[in-house]
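Trainee: Questions regarding the structure given below will be posed in turn.
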Amino acid sequence: IFSCRLSRALFNFNSFLLNDAMDSLTACFFAVLICLPCRGNAQLSFVQLRESSYFLPFNEGLFRGIQTAFAEANAEGGVHGYSLQLKRANTSEIFSMNVSSPSSFLGLLGDVVSASSLPGLRHLPADLPVLGRIVPDGVDADADAIGHIAIRAALRDEVLALVDFAAQWLKLHSFGVLYENSSLGLLGMAAAVDALEEIHLGVVLTVLYDAKSMSAALGALQHPSACTIQALLVLGRPGVLLEMANLARSGPCSPNATLTWSLAALEGSELFSPQNDLYISQVVPSTQVLTSDLFGSSLPWSLSPAEVEGYLIGQLAIGVLRREIATQVLNRSHFLEVLQSSGCFPVGGVTLGPFTADCPQGLRQVWISHLNASNGVEWLREYSFNFPNGSCHGNASALQKYLLFGQSVALSGSAGSDGQELRAGLLSAFEEQNRLGGIFGAQLRLVTLDDGYNPAVAVSNVQQLLQRGVYGIAGMYGTATSLAAVPLLSAVGVPLLGPLSGSMDLRQPFNPYVVSVRASYNDEAAAMVDFLTSVKFITRFSVFFQNDSYGLSGVAGLERALASIGLSLLSRGMYSRNTVEVTQAVRDIVGQALPQVPQVIVMFSLPDAMLSFVRLAVQMLPSETVFMLASPADGEKSAFLLGNLTANVYSMQVMPPFWGSGFAFVQAFQASMNALGFGILADWVSLEAYTVGRVITNTLQRLGPSTLFDRSSFISTVYNSSVYVLEDITVGPYQWGCNQGLREVWVSEMGGGTYSDVEGYSFDFSQSCFSDTTSLRRPLIFGLCATLSGPNAETAVLFQQGLEAAFSTINANGGIGGHMLHVLAVDDGGSAELASNLSSRLIHTERVYGMFGGSLGATAAAIARQCVSNGVPYIGPMSGSAALRTHFERSVLFLRGSVREELMAIVSDLFARGIRTVSLVSSTPESLSVRHILELALQSFGLSLRSFGTSLSAAVAGLGASAEAIVVDLDAAAVTQALGPLLQQSHQGLAAVLYILSTAGPERVLTGLSVVKGTLGSIFMTQVLPLPCNATCPDALRYSSLVGSYESAMKSSNSSAAVGPSSLEGFLVGQLTAQALRNVVVGNFTTTALASSFYDTVVFEMGGVVLGPFSDIACVVSSSEGCECNQGMHEVWLSQVVAASSGGGLSFQYAGVFPGGNSSDETSSFSWSTCGVVISLPQTGGSSGGPSVVAIVLPIVAAFMVGLTILLWKLTSNYRKMRKLLSDEALAVKCAEAIAVLQFEELEYLRMLSSPNRIQQ
């Protein structure tokens, strides 16, 4: 020994002092030469203890690995001149050696011993180093032995690695533990339970097995509850580990993955059994994973795990020896001191240590291998379990934490597509948060179970999920399934988050453990009714529903909303859950509604049943029938199923508009779905689930790390946090008492196999937890019955356009007290009988608030009879028939003057023009009435009717030499048909002045004459309303406000609508109706109240046009004509047909020449003061060359009557106001008496009444 130490010292000395001139080869030769005497004798021996055949294959592998390490060292000259030797010996052979002398052997390496032999080995010297001992059936490999130095990680560390790998890498969250009834099995089970509790994933099933009798364990593994296990940990002693793993996988429900610890590798050849999805923890790296320079180029790449572990054991011994021999005398105690004080020992790419007295373990890492039938054993290169820095063992508290949420939905069956989308939406929200680091480091996980839309299965699923320890249940599908789960969850304080159900039973009474995101079915129903009534103007509802809690909840909400606006269901039809048999439902809906027909059918159903229903219903219902689908149905699937089926199908949506959406939140959702490859599943259902997921993650972030896993804190945070702002949508506020988040509902339209959002509409109730049906307003629907087709339809069509333009403008400004106005038009074809029938249908079936229309006298009379008999206002009849005004009818309210006023204006004008010869051409049903009125008007001016006929051509042919006038009462077609040839023959126009009554239709006359070639001459036409003309018109300033609002409304409502007298009349009728409605108390919109409003308001002013006074009381002054007055206009205009100033064609311009005025006057209308023109016949004959006395006095009388009428209106108006304001009965009587006797001194009384203070007194 001395010789070897001397030679070593000389070698070291020469290597440092060798100068440049000395040959290095000589120096090396000298050193080797003096060392030769000791090389053959200087050996360091280690012993591997071997017990008979106990795990002999693994023991052999360890031996070969150690020998490989020693051979490498010896090939390089040993360790400071010592060669290394590994011996084999059993226990008795070891004790026969001189165990106290290091020269006999320095220590034990790579033992594989049984726990039963450990007591005997404790008699060995206490300072004897033991490196890499494995005790397969013991706990922590005799950790109490002072000299025991472990290479591999502890079994507890392996369990932590297996749990972490299954949860983080395989993304499994349901664990079972199959463990042996031994101290080792109990150790493994305890470690697994602790690890899973630490990361908040539960153990579904633990099964104890006995190696001698495994039947009980097998029975437990074949129980249905084992089907919920995703990851099965098999923990026990080697010998039957692989057998147990194989048996566990042979049951009816094989787990996703079976995992066991490295002791299974001790089973030798059994390790390579062709098992798929069997994972084994490995305590040493594999040559498949690590680079070739780890062990040196001489190390073969086919080393087994046992050989690698043996190699590491040998390298550790070599490393310690190199450090020890270089400094001290070699002995065992010093060997351990050097090991524990030298820090880490790098071996290629692996680090062993640092070793300390408290941590005699080398490797701080665990790997995973995968047993695969086709590839054998594969080490997973991407995964390794690394201990925390500075830790001797793995720490469960340092494992990745998880927040596990459960979901029970229909993944199969009729609702399967919805369930798939719900799962995808939740996952996208969770993974989006996981990519950002999770929630304070904890990753979110979702376990989804299929309930097939069956409440009983859903309950079973929830029970299983609770056993797994889920944090909450999220995104359940359906009302019945969700309601069935609530008692289970509330009892244990687990929240039900964002169920896809709008049932009020999940909202009231308030349950804090149910957190809803979507709007309720009541809210959807309110939105449906609002959309269908205020936008589609529908009032006849039927319902098709699924006969379960979902369908019944929807029907209840619909009935509630309809009742709030005075409507009810016409009929209902239902079908059974999970079926598509809908024939009886269609029959019930159609049959129960008779004799009426529903305008809309609201559907609380799933897509497949909806498709069957719509396909059958469209064959039995009118084509305009609307189908409205509630939101829980899969919108995309519904649209796809409908395909190109011709039907008016809409769907409610509780999520923001989706396609082409400008919502940043929706765009974030689409990006998140695409990131997971779920883009094909992106629609409203998955968007709802994504919203639920975002609310969950947002709430968790508000908790903080200390309370993250406390469910009660989660619940409190939901209701105390109030509002969630997710990009540009707001969820909440949640409050104690309000568990619903979203406060808005949207509508989409389906067609052509797809669907689109209804732009500009949403139902917002953000100021309350649930929608308030008192905010709903029934539409005020009016009927229009007129000649809307055929050659004489133009006037009525233009009237309709003007009426709709007025209503559209009013609706755009909120309607009347929130009530939208709508015109329901029907075509009577000019038939009085049809007009009567259609009016009756509108009144009784459509329940209209009033009627418009009546293009002809006969049709107007028919409509009037229906309205009078049913007490429905008939507003602004289009006819000027004098017969309609013969008797005062309170329900009939005229806008325009009658033919009587038009004829009086014509006579007044022609008389001013010096025309004394007048003829009449009339072929209308009211020809005799027109003739009689004209004759009376002419007589009032001392004139008479020259001729009466039905042919305009004949009248023109019979013209005399003097100036003559022809009054024309024909339709436009007859006028243009007669005038065409006459104008073409005349180069200077007709000799006569033509006066055409407005009933011919102003626009139709212009259209007809515009194609006639020739000189027009003097063709005039009466107008019952001011002309919509430019600033050059005489009355332009007076009516500028009216014309401006009219033209703007026409442009907004219908850009192609013609601007002209007929549409202006419709517009004014609409505005008059709206003004009368505004004076009705909101909520009291009845036909009686509407008619009364005209007479209570008395006078209406609209952009310079004064309508009224309307009056339904007896005359105060007995001599007044028409004291009961139901006519608005008191003016008639006269216009001339002229060439248009621009653009070609013809137009009208004011041309009236009335007593006291000419065409340049500011006003060029013929006006009167009474309800209608009073035609007074002269008492004596007058000269035909000048006006009669009556004609001269008439303007004076008219002026007096205007003043008297206004005074009467003011008295009446103030009297009514006083009756409403004052409770003093005596004063009311005094007012009545004062007004009854009209005396001049009471004008002062009127003046006082105008004072507010006086009214108060």
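Residues are referred to by chain and number: the chain letter is A, B, ... according to the order shown in the structure tokens, the number counts from 1 in that chain, and ligands are numbered separately from 1 in the order shown.
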Could you give me, as a VMD selection string, the residues within 10 Å of A:Thr356, counting only C-alpha atoms and dropping anything in the same chain fewer than 3 positions from it?
Mentor: chain A and resid 149 336 to 337 339 to 343 353 359 to 362 392
Trainee: Which residues of stretch 870-931 of chain A have any atom within 9 Å of an atom in stretch 1057-1067 of chain A when counting only C-alpha atoms, and what is the closest pair of atoms for each, with the distance in Å to one decimal? Order the rows by chain and rising number and write it as JSON lines.
Mentor:
{"residue": "A:Gly876", "atom": "CA", "partner": "A:Gly1066", "partner_atom": "CA", "distance": 8.3}
{"residue": "A:Met878", "atom": "CA", "partner": "A:Glu1065", "partner_atom": "CA", "distance": 8.5}
{"residue": "A:Leu895", "atom": "CA", "partner": "A:Glu1065", "partner_atom": "CA", "distance": 8.3}
{"residue": "A:Arg896", "atom": "CA", "partner": "A:Glu1065", "partner_atom": "CA", "distance": 8.2}
Trainee: Set the distance at 10 Å and use only C-alpha atoms: which residues neighbour A:His932 once local chain neighbours fewer than 5 positions away are removed? I'd like the list as number ranges by chain.
Mentor: A: 900, 927, 937, 945
Trainee: Got time to write the residues from that selection, C-alpha atoms, as an mmCIF file, in the first residue's frame?
Mentor:
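What follows is the written file part.cif:
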data_model
loop_
_atom_site.group_PDB
_atom_site.id
_atom_site.type_symbol
_atom_site.label_atom_id
_atom_site.label_comp_id
_atom_site.auth_asym_id
_atom_site.auth_seq_id
_atom_site.Cartn_x
_atom_site.Cartn_y
_atom_site.Cartn_z
ATOM 1 C CA ARG A 900 -120.814 69.419 -51.415
ATOM 2 C CA SER A 927 -124.520 61.118 -60.030
ATOM 3 C CA ALA A 937 -124.827 75.748 -55.508
ATOM 4 C CA LEU A 945 -127.163 73.924 -64.831
#
Trainee: Stretch 532-549 of chain A: which residues within 7 Å, counting only C-alpha atoms, same-chain residues fewer than 3 positions away excluded, as a list in words?
Mentor: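 So the residues in contact are Thr479, Ala480, Met528, Val529, Leu552, Ser553, Leu569, Leu570, Ser571, Arg572, Gly573, Met574, Tyr575, Ser576, Arg577, Ile589, Pro598, Gln599, Val600, Ile601, Val602, Met603, Phe604, Ser605, Arg778, Pro779, Met820 and His822 of chain A.
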